[in-house]
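> Below is one structure. I have some questions about it.
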Amino acid sequence: MRMNTWLKRLAAGVVLPGVLLLGACGNDGGGTTKTGSASTEGVQVRTIKAGIGNSETHPQGQGMIKFKELVEEKSGGKMKVQNFFDATLGDDQKMTEALQAGMQEVTVPSTSPLVGTIKEFGIYDFPFVFNSEEEAYAVLDGAVGQKLLDKLPGHDLVGLGYWENGFRNLTNSKHPVETAADFKGLKIRTMQNEVHLDAFSKLGANPSPMAFSEVFTALETGTVDGQENPLATIQTQKYFEVQDYLSITKHVYTPFVFLVSKKFWDGLSEEEQKIMSEAAQEAGKYQRELNQKENEKALKTLKEEGMKINEVTPEEMEKMKEIIQPVTDEYAKKFGADLVEEMMAEVEKVRGN
Ligand code: KDG
């Protein structure tokens, strides 16, 4: 039988079932795909560029991998997520600007660098406000958290919820920090955030704002003596290679906020927006749980890596809080006393007061 007959037959007859089969699990670019119960009728083939500053092994990176799995599963493989780790697309501020310009679709920055765009996010930066993750979740997942997310569309951003960076602790190469006086003269890297800068200045330290991806080199070269981050970040960024002392200060709880480019979001169908929201929520729940576990494990690892670790006593934390209080009061007025009051009422509720 001549070749082209085969081909015709092929085209016409034999492979029909195959195509159908393909139809059932892959996609043919625009057709309907069945995923579990949901139809992907209104879902287009899309690629979502998502970037973060942390590494793939960090709980934030693991959260992004979970997000990718969920989006691709819920969209029947039509919506693909391309994850970029280790600030390869730039640091939090740069990636947030790329979202606003519609050059990138997703990033999950710390809320602290966002204060330059929406000042009210600064309420999360007040030192020693939260004593536990539960208190933070009550605020973030409650009315206050939503009020701040609702401000984002006015800045070409859409917020799909809060993930967890966590409680920050201080490392340095000079000496253990056990009291407020031990901060005196320490050159400390902070995030680009005025509350953090003023709080560390108030403690007598010499803070300098710096992008996340520049921290390791600045510590290695001695440009700064120390930095502060959650334990999982200190471990995954290998700061133990260039820092001797770790002081458990838990001085600030930093949330991550899941951001989407509004330009991209407004072009999505309702189904596609639902897939993104559900995936960000479910991956966020997974990320928070993993973050707590990894932060606990990191303490042991950092000890094994030779860091000299001291716990700051609650009494000394209270003294540090008193010293910083004028800074908190000043910014509370700037960010909105009502909002701060509402946040503290939420925290007191968790404390049973
Ligand atoms: O994207 C990761 C950063 O948001 C985060 O880890 C930044 O905590 C941070 C820091 O110290 O800059």
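Each chain in the structure tokens gets a letter, A, B and so on, in the order shown; residues start at 1 in every chain, and ligands are counted from 1 in the order they appear.
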If we count only C-alpha atoms and set the cut-off at 7 Å, which residues sit around Gly53 of chain A, ignoring sequence neighbours fewer than 6 positions away in its own chain? Please answer as a PyMOL selection string.
chain A and resi 85-87+91-92
> Any chance you could tabulate, as JSON lines, the residues of chain A at most 6 Å from ligand 1 with each one's nearest atom pair and distance in Å to one decimal, using only C-alpha atoms and all ligand atoms, in chain and rising number order?

```
{"residue": "A:Ile52", "atom": "CA", "partner": "ligand 1", "partner_atom_place_in_ligand_line": "1 (O)", "distance": 4.3}
{"residue": "A:Gly53", "atom": "CA", "partner": "ligand 1", "partner_atom_place_in_ligand_line": "1 (O)", "distance": 3.3}
{"residue": "A:Asn54", "atom": "CA", "partner": "ligand 1", "partner_atom_place_in_ligand_line": "2 (C)", "distance": 4.6}
{"residue": "A:Asp92", "atom": "CA", "partner": "ligand 1", "partner_atom_place_in_ligand_line": "1 (O)", "distance": 5.7}
{"residue": "A:Pro109", "atom": "CA", "partner": "ligand 1", "partner_atom_place_in_ligand_line": "4 (O)", "distance": 4.1}
{"residue": "A:Ser110", "atom": "CA", "partner": "ligand 1", "partner_atom_place_in_ligand_line": "4 (O)", "distance": 4.2}
{"residue": "A:Met191", "atom": "CA", "partner": "ligand 1", "partner_atom_place_in_ligand_line": "12 (O)", "distance": 5.1}
{"residue": "A:Phe212", "atom": "CA", "partner": "ligand 1", "partner_atom_place_in_ligand_line": "12 (O)", "distance": 4.1}
{"residue": "A:Asn229", "atom": "CA", "partner": "ligand 1", "partner_atom_place_in_ligand_line": "11 (O)", "distance": 5.4}
```
> Taking only C-alpha atoms into account, which of A:Thr179, A:Gln44, A:Gln62, A:Thr57 comes nearest Glu289 of chain A?
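That would be A:Gln62, the residue with the smallest distance to Glu289 of chain A.
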> Can you check which parts of segment 161-257 of chain A lie within 12 Å of segment 118-141 of chain A? Per residue, the shortest pair of atoms and distance in Å to one decimal, counting only C-alpha atoms, sorted by chain and number, as CSV.

```
residue,atom,partner,partner_atom,distance
A:Gly161,CA,A:Asp141,CA,7.7
A:Tyr162,CA,A:Leu140,CA,6.7
A:Trp163,CA,A:Leu140,CA,9.4
A:Glu164,CA,A:Glu133,CA,8.9
A:Asn165,CA,A:Glu133,CA,10.6
A:Gly166,CA,A:Glu133,CA,7.8
A:Phe167,CA,A:Glu133,CA,8.4
A:Arg168,CA,A:Pro127,CA,9.9
A:Asn169,CA,A:Pro127,CA,11.5
A:Thr190,CA,A:Asp125,CA,11.7
A:Met191,CA,A:Asp125,CA,10.6
A:Gln192,CA,A:Gly122,CA,11.4
A:Asn193,CA,A:Gly122,CA,8.1
A:Glu194,CA,A:Gly122,CA,8.6
A:Val195,CA,A:Asp125,CA,6.5
A:His196,CA,A:Asp125,CA,7.0
A:Leu197,CA,A:Asp125,CA,10.6
A:Asp198,CA,A:Phe126,CA,10.7
A:Ala199,CA,A:Pro127,CA,7.8
A:Phe200,CA,A:Pro127,CA,10.0
A:Lys202,CA,A:Pro127,CA,11.9
A:Leu203,CA,A:Pro127,CA,11.7
A:Thr249,CA,A:Phe128,CA,9.2
A:Lys250,CA,A:Phe128,CA,7.4
A:His251,CA,A:Phe128,CA,5.2
A:Val252,CA,A:Pro127,CA,4.9
A:Tyr253,CA,A:Phe130,CA,6.6
A:Thr254,CA,A:Tyr124,CA,6.8
A:Pro255,CA,A:Tyr124,CA,7.6
A:Phe256,CA,A:Leu140,CA,10.3
A:Val257,CA,A:Leu140,CA,9.7
```
> Extract, using only C-alpha atoms, all DNA, RNA and protein residues at most 10 Å from segment 149-158 of chain A, discarding same-chain residues fewer than 3 positions from it, and format them as a list in words.
Thr96, Glu97, Leu99, Gln100, Ala101, Gly102, Glu105, Val106, Thr117, Ile118, Glu120, Phe121, Leu140, Ala143, Val144, Gly145, Gln146, Gly161, Tyr162, Val257, Phe258, Leu259, Val260, Ser261, Lys262, Lys263, Phe264, Trp265 and Asp266 of chain A
> Check the DSSP output for the backbone and give back, as number ranges by chain, the residues of segment 68-311 of chain A in strand (DSSP E).
A: 79-84, 106-107, 157-167, 169-172, 187-190, 206-209, 226-229, 245-248, 253-261, 308-311
> Take the selection from the previous step and output its residues with C-alpha atoms, as a PDB file, in the first residue's frame.

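What landed in result.pdb:
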```pdb
ATOM      1  CA  MET A  79      -1.635  26.948  33.082  1.00  0.00           C
ATOM      2  CA  LYS A  80       2.098  26.363  33.547  1.00  0.00           C
ATOM      3  CA  VAL A  81       4.104  27.962  36.387  1.00  0.00           C
ATOM      4  CA  GLN A  82       7.795  28.768  35.815  1.00  0.00           C
ATOM      5  CA  ASN A  83       9.463  29.254  39.215  1.00  0.00           C
ATOM      6  CA  PHE A  84      12.599  31.399  39.608  1.00  0.00           C
ATOM      7  CA  VAL A 106       3.783  36.382  40.500  1.00  0.00           C
ATOM      8  CA  THR A 107       6.120  37.133  43.431  1.00  0.00           C
ATOM      9  CA  LEU A 157      -1.109  44.458  42.309  1.00  0.00           C
ATOM     10  CA  VAL A 158      -3.503  41.764  43.560  1.00  0.00           C
ATOM     11  CA  GLY A 159      -2.932  39.997  46.909  1.00  0.00           C
ATOM     12  CA  LEU A 160      -4.026  36.360  47.258  1.00  0.00           C
ATOM     13  CA  GLY A 161      -3.115  35.982  50.950  1.00  0.00           C
ATOM     14  CA  TYR A 162      -0.214  35.708  53.344  1.00  0.00           C
ATOM     15  CA  TRP A 163       2.525  33.083  53.560  1.00  0.00           C
ATOM     16  CA  GLU A 164       5.133  32.979  56.349  1.00  0.00           C
ATOM     17  CA  ASN A 165       8.661  34.312  56.516  1.00  0.00           C
ATOM     18  CA  GLY A 166       8.549  34.117  60.303  1.00  0.00           C
ATOM     19  CA  PHE A 167      10.117  35.340  63.520  1.00  0.00           C
ATOM     20  CA  ASN A 169      16.577  36.506  64.976  1.00  0.00           C
ATOM     21  CA  LEU A 170      19.898  38.293  65.012  1.00  0.00           C
ATOM     22  CA  THR A 171      23.243  36.921  63.877  1.00  0.00           C
ATOM     23  CA  ASN A 172      26.603  38.724  64.058  1.00  0.00           C
ATOM     24  CA  LYS A 187      26.582  47.355  61.996  1.00  0.00           C
ATOM     25  CA  ILE A 188      23.393  45.489  61.122  1.00  0.00           C
ATOM     26  CA  ARG A 189      21.859  44.877  57.701  1.00  0.00           C
ATOM     27  CA  THR A 190      18.118  45.419  57.618  1.00  0.00           C
ATOM     28  CA  ASN A 206      24.212  51.152  63.175  1.00  0.00           C
ATOM     29  CA  PRO A 207      21.655  49.726  60.688  1.00  0.00           C
ATOM     30  CA  SER A 208      21.967  49.793  56.905  1.00  0.00           C
ATOM     31  CA  PRO A 209      19.175  48.825  54.464  1.00  0.00           C
ATOM     32  CA  GLY A 226      25.289  41.202  61.374  1.00  0.00           C
ATOM     33  CA  GLN A 227      21.823  40.658  59.961  1.00  0.00           C
ATOM     34  CA  GLU A 228      18.467  39.345  61.131  1.00  0.00           C
ATOM     35  CA  ASN A 229      16.235  36.691  59.567  1.00  0.00           C
ATOM     36  CA  TYR A 245      26.809  34.335  66.990  1.00  0.00           C
ATOM     37  CA  LEU A 246      23.043  33.676  66.819  1.00  0.00           C
ATOM     38  CA  SER A 247      20.809  35.447  69.348  1.00  0.00           C
ATOM     39  CA  ILE A 248      17.205  34.235  69.557  1.00  0.00           C
ATOM     40  CA  TYR A 253       7.336  38.447  62.746  1.00  0.00           C
ATOM     41  CA  THR A 254       7.564  39.006  58.965  1.00  0.00           C
ATOM     42  CA  PRO A 255       4.752  37.812  56.687  1.00  0.00           C
ATOM     43  CA  PHE A 256       5.144  37.068  52.995  1.00  0.00           C
ATOM     44  CA  VAL A 257       2.341  38.409  50.780  1.00  0.00           C
ATOM     45  CA  PHE A 258       1.315  36.461  47.653  1.00  0.00           C
ATOM     46  CA  LEU A 259       1.225  39.035  44.840  1.00  0.00           C
ATOM     47  CA  VAL A 260      -0.091  38.792  41.285  1.00  0.00           C
ATOM     48  CA  SER A 261       0.286  41.402  38.538  1.00  0.00           C
ATOM     49  CA  LYS A 308      27.252  30.105  69.383  1.00  0.00           C
ATOM     50  CA  ILE A 309      23.571  30.472  70.264  1.00  0.00           C
ATOM     51  CA  ASN A 310      21.995  32.440  73.130  1.00  0.00           C
ATOM     52  CA  GLU A 311      18.314  32.858  73.998  1.00  0.00           C
TER      53      GLU A 311
END
```
> Using DSSP assignments from the backbone, pull out every residue in segment 43-187 of chain A that falls under helix (DSSP H, G or I) and give it to me as a CSV table (one decimal) with N, CA, C and O atoms, in the first residue's frame.

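Output file states_33.csv is given in full below:
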```csv
chain,number,residue,atom,x,y,z
A,59,PRO,N,11.5,26.9,52.9
A,59,PRO,CA,10.1,26.6,52.9
A,59,PRO,C,9.3,27.5,51.9
A,59,PRO,O,8.3,27.1,51.3
A,60,GLN,N,9.8,28.7,51.6
A,60,GLN,CA,9.1,29.6,50.6
A,60,GLN,C,9.3,28.9,49.2
A,60,GLN,O,8.3,28.9,48.5
A,61,GLY,N,10.5,28.4,48.9
A,61,GLY,CA,10.7,27.7,47.6
A,61,GLY,C,9.8,26.5,47.5
A,61,GLY,O,9.2,26.3,46.5
A,62,GLN,N,9.7,25.7,48.6
A,62,GLN,CA,8.9,24.5,48.6
A,62,GLN,C,7.4,24.9,48.4
A,62,GLN,O,6.7,24.2,47.7
A,63,GLY,N,7.0,26.0,49.0
A,63,GLY,CA,5.7,26.5,48.8
A,63,GLY,C,5.4,26.9,47.3
A,63,GLY,O,4.3,26.6,46.8
A,64,MET,N,6.4,27.4,46.6
A,64,MET,CA,6.2,27.8,45.2
A,64,MET,C,6.1,26.5,44.4
A,64,MET,O,5.4,26.5,43.4
A,65,ILE,N,6.8,25.5,44.8
A,65,ILE,CA,6.7,24.2,44.0
A,65,ILE,C,5.3,23.6,44.2
A,65,ILE,O,4.7,23.1,43.2
A,66,LYS,N,4.8,23.7,45.4
A,66,LYS,CA,3.4,23.2,45.7
A,66,LYS,C,2.4,24.1,44.9
A,66,LYS,O,1.5,23.5,44.3
A,67,PHE,N,2.6,25.4,44.8
A,67,PHE,CA,1.7,26.2,44.1
A,67,PHE,C,1.7,25.8,42.6
A,67,PHE,O,0.7,25.7,42.0
A,68,LYS,N,2.9,25.6,42.0
A,68,LYS,CA,3.0,25.1,40.6
A,68,LYS,C,2.2,23.8,40.4
A,68,LYS,O,1.4,23.7,39.5
A,69,GLU,N,2.4,22.9,41.3
A,69,GLU,CA,1.7,21.6,41.2
A,69,GLU,C,0.2,21.8,41.1
A,69,GLU,O,-0.5,21.3,40.3
A,70,LEU,N,-0.3,22.6,42.1
A,70,LEU,CA,-1.7,22.8,42.2
A,70,LEU,C,-2.3,23.5,41.0
A,70,LEU,O,-3.4,23.1,40.5
A,71,VAL,N,-1.6,24.6,40.5
A,71,VAL,CA,-2.1,25.3,39.4
A,71,VAL,C,-2.2,24.4,38.1
A,71,VAL,O,-3.2,24.4,37.4
A,72,GLU,N,-1.1,23.6,38.0
A,72,GLU,CA,-1.1,22.8,36.8
A,72,GLU,C,-2.1,21.6,36.9
A,72,GLU,O,-2.8,21.3,35.9
A,73,GLU,N,-2.3,21.1,38.1
A,73,GLU,CA,-3.3,20.1,38.3
A,73,GLU,C,-4.7,20.7,38.1
A,73,GLU,O,-5.5,20.1,37.3
A,74,LYS,N,-5.0,21.8,38.7
A,74,LYS,CA,-6.4,22.3,38.7
A,74,LYS,C,-6.7,22.8,37.2
A,74,LYS,O,-7.9,22.9,36.9
A,92,ASP,N,13.0,41.6,46.1
A,92,ASP,CA,11.5,41.8,46.3
A,92,ASP,C,11.0,43.1,45.7
A,92,ASP,O,10.0,43.1,45.0
A,93,GLN,N,11.7,44.2,45.9
A,93,GLN,CA,11.2,45.5,45.3
A,93,GLN,C,11.2,45.4,43.8
A,93,GLN,O,10.2,45.8,43.2
A,94,LYS,N,12.3,44.9,43.2
A,94,LYS,CA,12.4,44.9,41.7
A,94,LYS,C,11.3,44.0,41.2
A,94,LYS,O,10.7,44.3,40.2
A,95,MET,N,11.1,42.8,41.8
A,95,MET,CA,10.1,41.9,41.3
A,95,MET,C,8.7,42.5,41.4
A,95,MET,O,7.8,42.4,40.6
A,96,THR,N,8.4,43.2,42.5
A,96,THR,CA,7.1,43.8,42.7
A,96,THR,C,6.9,44.9,41.6
A,96,THR,O,5.8,44.9,41.0
A,97,GLU,N,7.9,45.6,41.3
A,97,GLU,CA,7.8,46.6,40.2
A,97,GLU,C,7.6,45.9,38.9
A,97,GLU,O,6.8,46.4,38.0
A,98,ALA,N,8.2,44.8,38.7
A,98,ALA,CA,8.0,44.0,37.4
A,98,ALA,C,6.5,43.6,37.3
A,98,ALA,O,5.9,43.6,36.2
A,99,LEU,N,5.9,43.2,38.4
A,99,LEU,CA,4.5,42.8,38.4
A,99,LEU,C,3.6,44.0,38.0
A,99,LEU,O,2.7,43.9,37.2
A,100,GLN,N,4.0,45.2,38.7
A,100,GLN,CA,3.2,46.4,38.4
A,100,GLN,C,3.2,46.8,36.9
A,100,GLN,O,2.3,47.2,36.3
A,112,SER,N,7.7,43.8,54.4
A,112,SER,CA,8.6,45.0,54.8
A,112,SER,C,9.0,45.9,53.7
A,112,SER,O,8.8,47.1,53.8
A,113,PRO,N,9.6,45.4,52.6
A,113,PRO,CA,10.0,46.3,51.5
A,113,PRO,C,8.8,46.9,50.8
A,113,PRO,O,8.9,47.9,50.1
A,114,LEU,N,7.6,46.4,51.0
A,114,LEU,CA,6.4,46.9,50.4
A,114,LEU,C,5.9,48.2,51.0
A,114,LEU,O,5.1,49.0,50.5
A,115,VAL,N,6.5,48.5,52.2
A,115,VAL,CA,6.0,49.7,53.0
A,115,VAL,C,6.3,51.0,52.2
A,115,VAL,O,5.6,52.0,52.3
A,116,GLY,N,7.3,50.9,51.3
A,116,GLY,CA,7.6,52.1,50.4
A,116,GLY,C,6.4,52.4,49.4
A,116,GLY,O,6.2,53.5,49.0
A,119,LYS,N,2.2,52.3,52.8
A,119,LYS,CA,2.9,52.4,54.2
A,119,LYS,C,2.2,51.6,55.3
A,119,LYS,O,2.9,51.1,56.2
A,120,GLU,N,0.9,51.4,55.1
A,120,GLU,CA,0.2,50.7,56.2
A,120,GLU,C,0.7,49.2,56.4
A,120,GLU,O,0.5,48.7,57.5
A,121,PHE,N,1.4,48.7,55.4
A,121,PHE,CA,1.9,47.3,55.7
A,121,PHE,C,3.0,47.4,56.8
A,121,PHE,O,3.4,46.3,57.3
A,122,GLY,N,3.4,48.6,57.1
A,122,GLY,CA,4.4,48.8,58.2
A,122,GLY,C,3.9,48.3,59.5
A,122,GLY,O,4.8,48.1,60.4
A,123,ILE,N,2.6,48.2,59.7
A,123,ILE,CA,2.1,47.7,61.1
A,123,ILE,C,2.7,46.4,61.4
A,123,ILE,O,2.8,46.0,62.6
A,124,TYR,N,3.0,45.5,60.4
A,124,TYR,CA,3.5,44.2,60.7
A,124,TYR,C,5.0,44.3,61.1
A,124,TYR,O,5.5,43.3,61.6
A,125,ASP,N,5.6,45.4,61.0
A,125,ASP,CA,7.1,45.6,61.3
A,125,ASP,C,7.3,46.0,62.7
A,125,ASP,O,8.5,46.2,63.1
A,133,GLU,N,2.9,32.5,66.2
A,133,GLU,CA,2.4,32.5,64.8
A,133,GLU,C,0.8,32.6,64.9
A,133,GLU,O,0.3,33.3,64.0
A,134,GLU,N,0.2,32.0,65.9
A,134,GLU,CA,-1.3,32.0,65.9
A,134,GLU,C,-1.7,33.5,66.0
A,134,GLU,O,-2.7,33.9,65.4
A,135,GLU,N,-1.0,34.3,66.8
A,135,GLU,CA,-1.4,35.7,66.9
A,135,GLU,C,-1.3,36.4,65.6
A,135,GLU,O,-2.2,37.2,65.1
A,136,ALA,N,-0.2,36.1,64.9
A,136,ALA,CA,0.0,36.7,63.5
A,136,ALA,C,-1.1,36.3,62.6
A,136,ALA,O,-1.7,37.1,61.8
A,137,TYR,N,-1.4,35.0,62.5
A,137,TYR,CA,-2.4,34.5,61.6
A,137,TYR,C,-3.8,35.1,61.9
A,137,TYR,O,-4.5,35.4,60.9
A,138,ALA,N,-4.1,35.3,63.2
A,138,ALA,CA,-5.4,35.9,63.5
A,138,ALA,C,-5.5,37.3,62.8
A,138,ALA,O,-6.6,37.7,62.3
A,139,VAL,N,-4.4,38.1,62.8
A,139,VAL,CA,-4.4,39.4,62.2
A,139,VAL,C,-4.4,39.3,60.7
A,139,VAL,O,-5.2,39.9,60.0
A,140,LEU,N,-3.5,38.5,60.2
A,140,LEU,CA,-3.3,38.4,58.7
A,140,LEU,C,-4.5,37.8,58.0
A,140,LEU,O,-4.9,38.3,56.9
A,143,ALA,N,-9.8,40.7,59.4
A,143,ALA,CA,-10.2,42.0,58.8
A,143,ALA,C,-9.0,42.9,58.5
A,143,ALA,O,-8.9,43.5,57.4
A,144,VAL,N,-8.0,43.0,59.4
A,144,VAL,CA,-6.9,43.9,59.2
A,144,VAL,C,-6.1,43.4,58.0
A,144,VAL,O,-5.8,44.2,57.1
A,145,GLY,N,-5.8,42.1,58.0
A,145,GLY,CA,-5.0,41.6,56.8
A,145,GLY,C,-5.7,41.8,55.5
A,145,GLY,O,-5.1,42.2,54.5
A,146,GLN,N,-7.0,41.7,55.5
A,146,GLN,CA,-7.8,41.9,54.3
A,146,GLN,C,-7.8,43.4,53.9
A,146,GLN,O,-7.7,43.7,52.7
A,147,LYS,N,-7.9,44.2,54.9
A,147,LYS,CA,-7.9,45.7,54.6
A,147,LYS,C,-6.6,46.1,53.8
A,147,LYS,O,-6.6,46.8,52.9
A,148,LEU,N,-5.5,45.5,54.2
A,148,LEU,CA,-4.2,45.8,53.6
A,148,LEU,C,-4.2,45.2,52.2
A,148,LEU,O,-3.7,45.8,51.2
A,149,LEU,N,-4.7,44.0,52.0
A,149,LEU,CA,-4.7,43.4,50.7
A,149,LEU,C,-5.6,44.2,49.7
A,149,LEU,O,-5.3,44.4,48.5
A,152,LEU,N,-4.0,46.9,47.5
A,152,LEU,CA,-3.0,46.5,46.5
A,152,LEU,C,-3.5,46.9,45.0
A,152,LEU,O,-2.7,47.4,44.3
A,153,PRO,N,-4.8,46.6,44.7
A,153,PRO,CA,-5.2,46.9,43.3
A,153,PRO,C,-4.9,48.4,42.9
A,153,PRO,O,-4.7,48.6,41.7
A,154,GLY,N,-5.0,49.2,43.9
A,154,GLY,CA,-4.7,50.7,43.6
A,154,GLY,C,-3.2,50.9,43.2
A,154,GLY,O,-2.9,52.0,42.7
A,155,HIS,N,-2.4,49.8,43.3
A,155,HIS,CA,-1.0,49.9,42.9
A,155,HIS,C,-0.7,48.8,41.9
A,155,HIS,O,0.5,48.3,41.9
A,180,ALA,N,19.9,44.8,75.6
A,180,ALA,CA,19.8,46.0,74.7
A,180,ALA,C,21.1,46.6,74.4
A,180,ALA,O,21.5,47.0,73.3
A,181,ALA,N,21.9,46.7,75.5
A,181,ALA,CA,23.2,47.4,75.4
A,181,ALA,C,24.2,46.7,74.4
A,181,ALA,O,25.0,47.3,73.8
A,182,ASP,N,23.9,45.4,74.2
A,182,ASP,CA,24.8,44.6,73.3
A,182,ASP,C,24.7,45.0,71.9
A,182,ASP,O,25.5,44.7,71.0
A,183,PHE,N,23.6,45.8,71.5
A,183,PHE,CA,23.4,46.2,70.2
A,183,PHE,C,24.3,47.4,69.8
A,183,PHE,O,24.6,47.7,68.7
```
> Provide the atom CA of Glu315 of chain A to atom CA of Ala337 of chain A distance in Å, to one decimal place.
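Spanning atom CA of Glu315 of chain A to atom CA of Ala337 of chain A is a straight-line distance of 27.0 Å.
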> Any idea what the distance is between atom CA of Lys174 of chain A and atom CA of Gln243 of chain A?
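These atoms are spaced 8.5 Å apart.
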> Considering only C-alpha atoms, state which residue in the set A:Ala218, A:Gly352, A:Thr236, A:Ser269 is at the smallest distance from Glu41 of chain A.
A:Ser269
> To one decimal place in Å, what is the distance between atom CA of Tyr239 of chain A and atom CA of Ala205 of chain A?
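Separation of atom CA of Tyr239 of chain A and atom CA of Ala205 of chain A: 19.7 Å.
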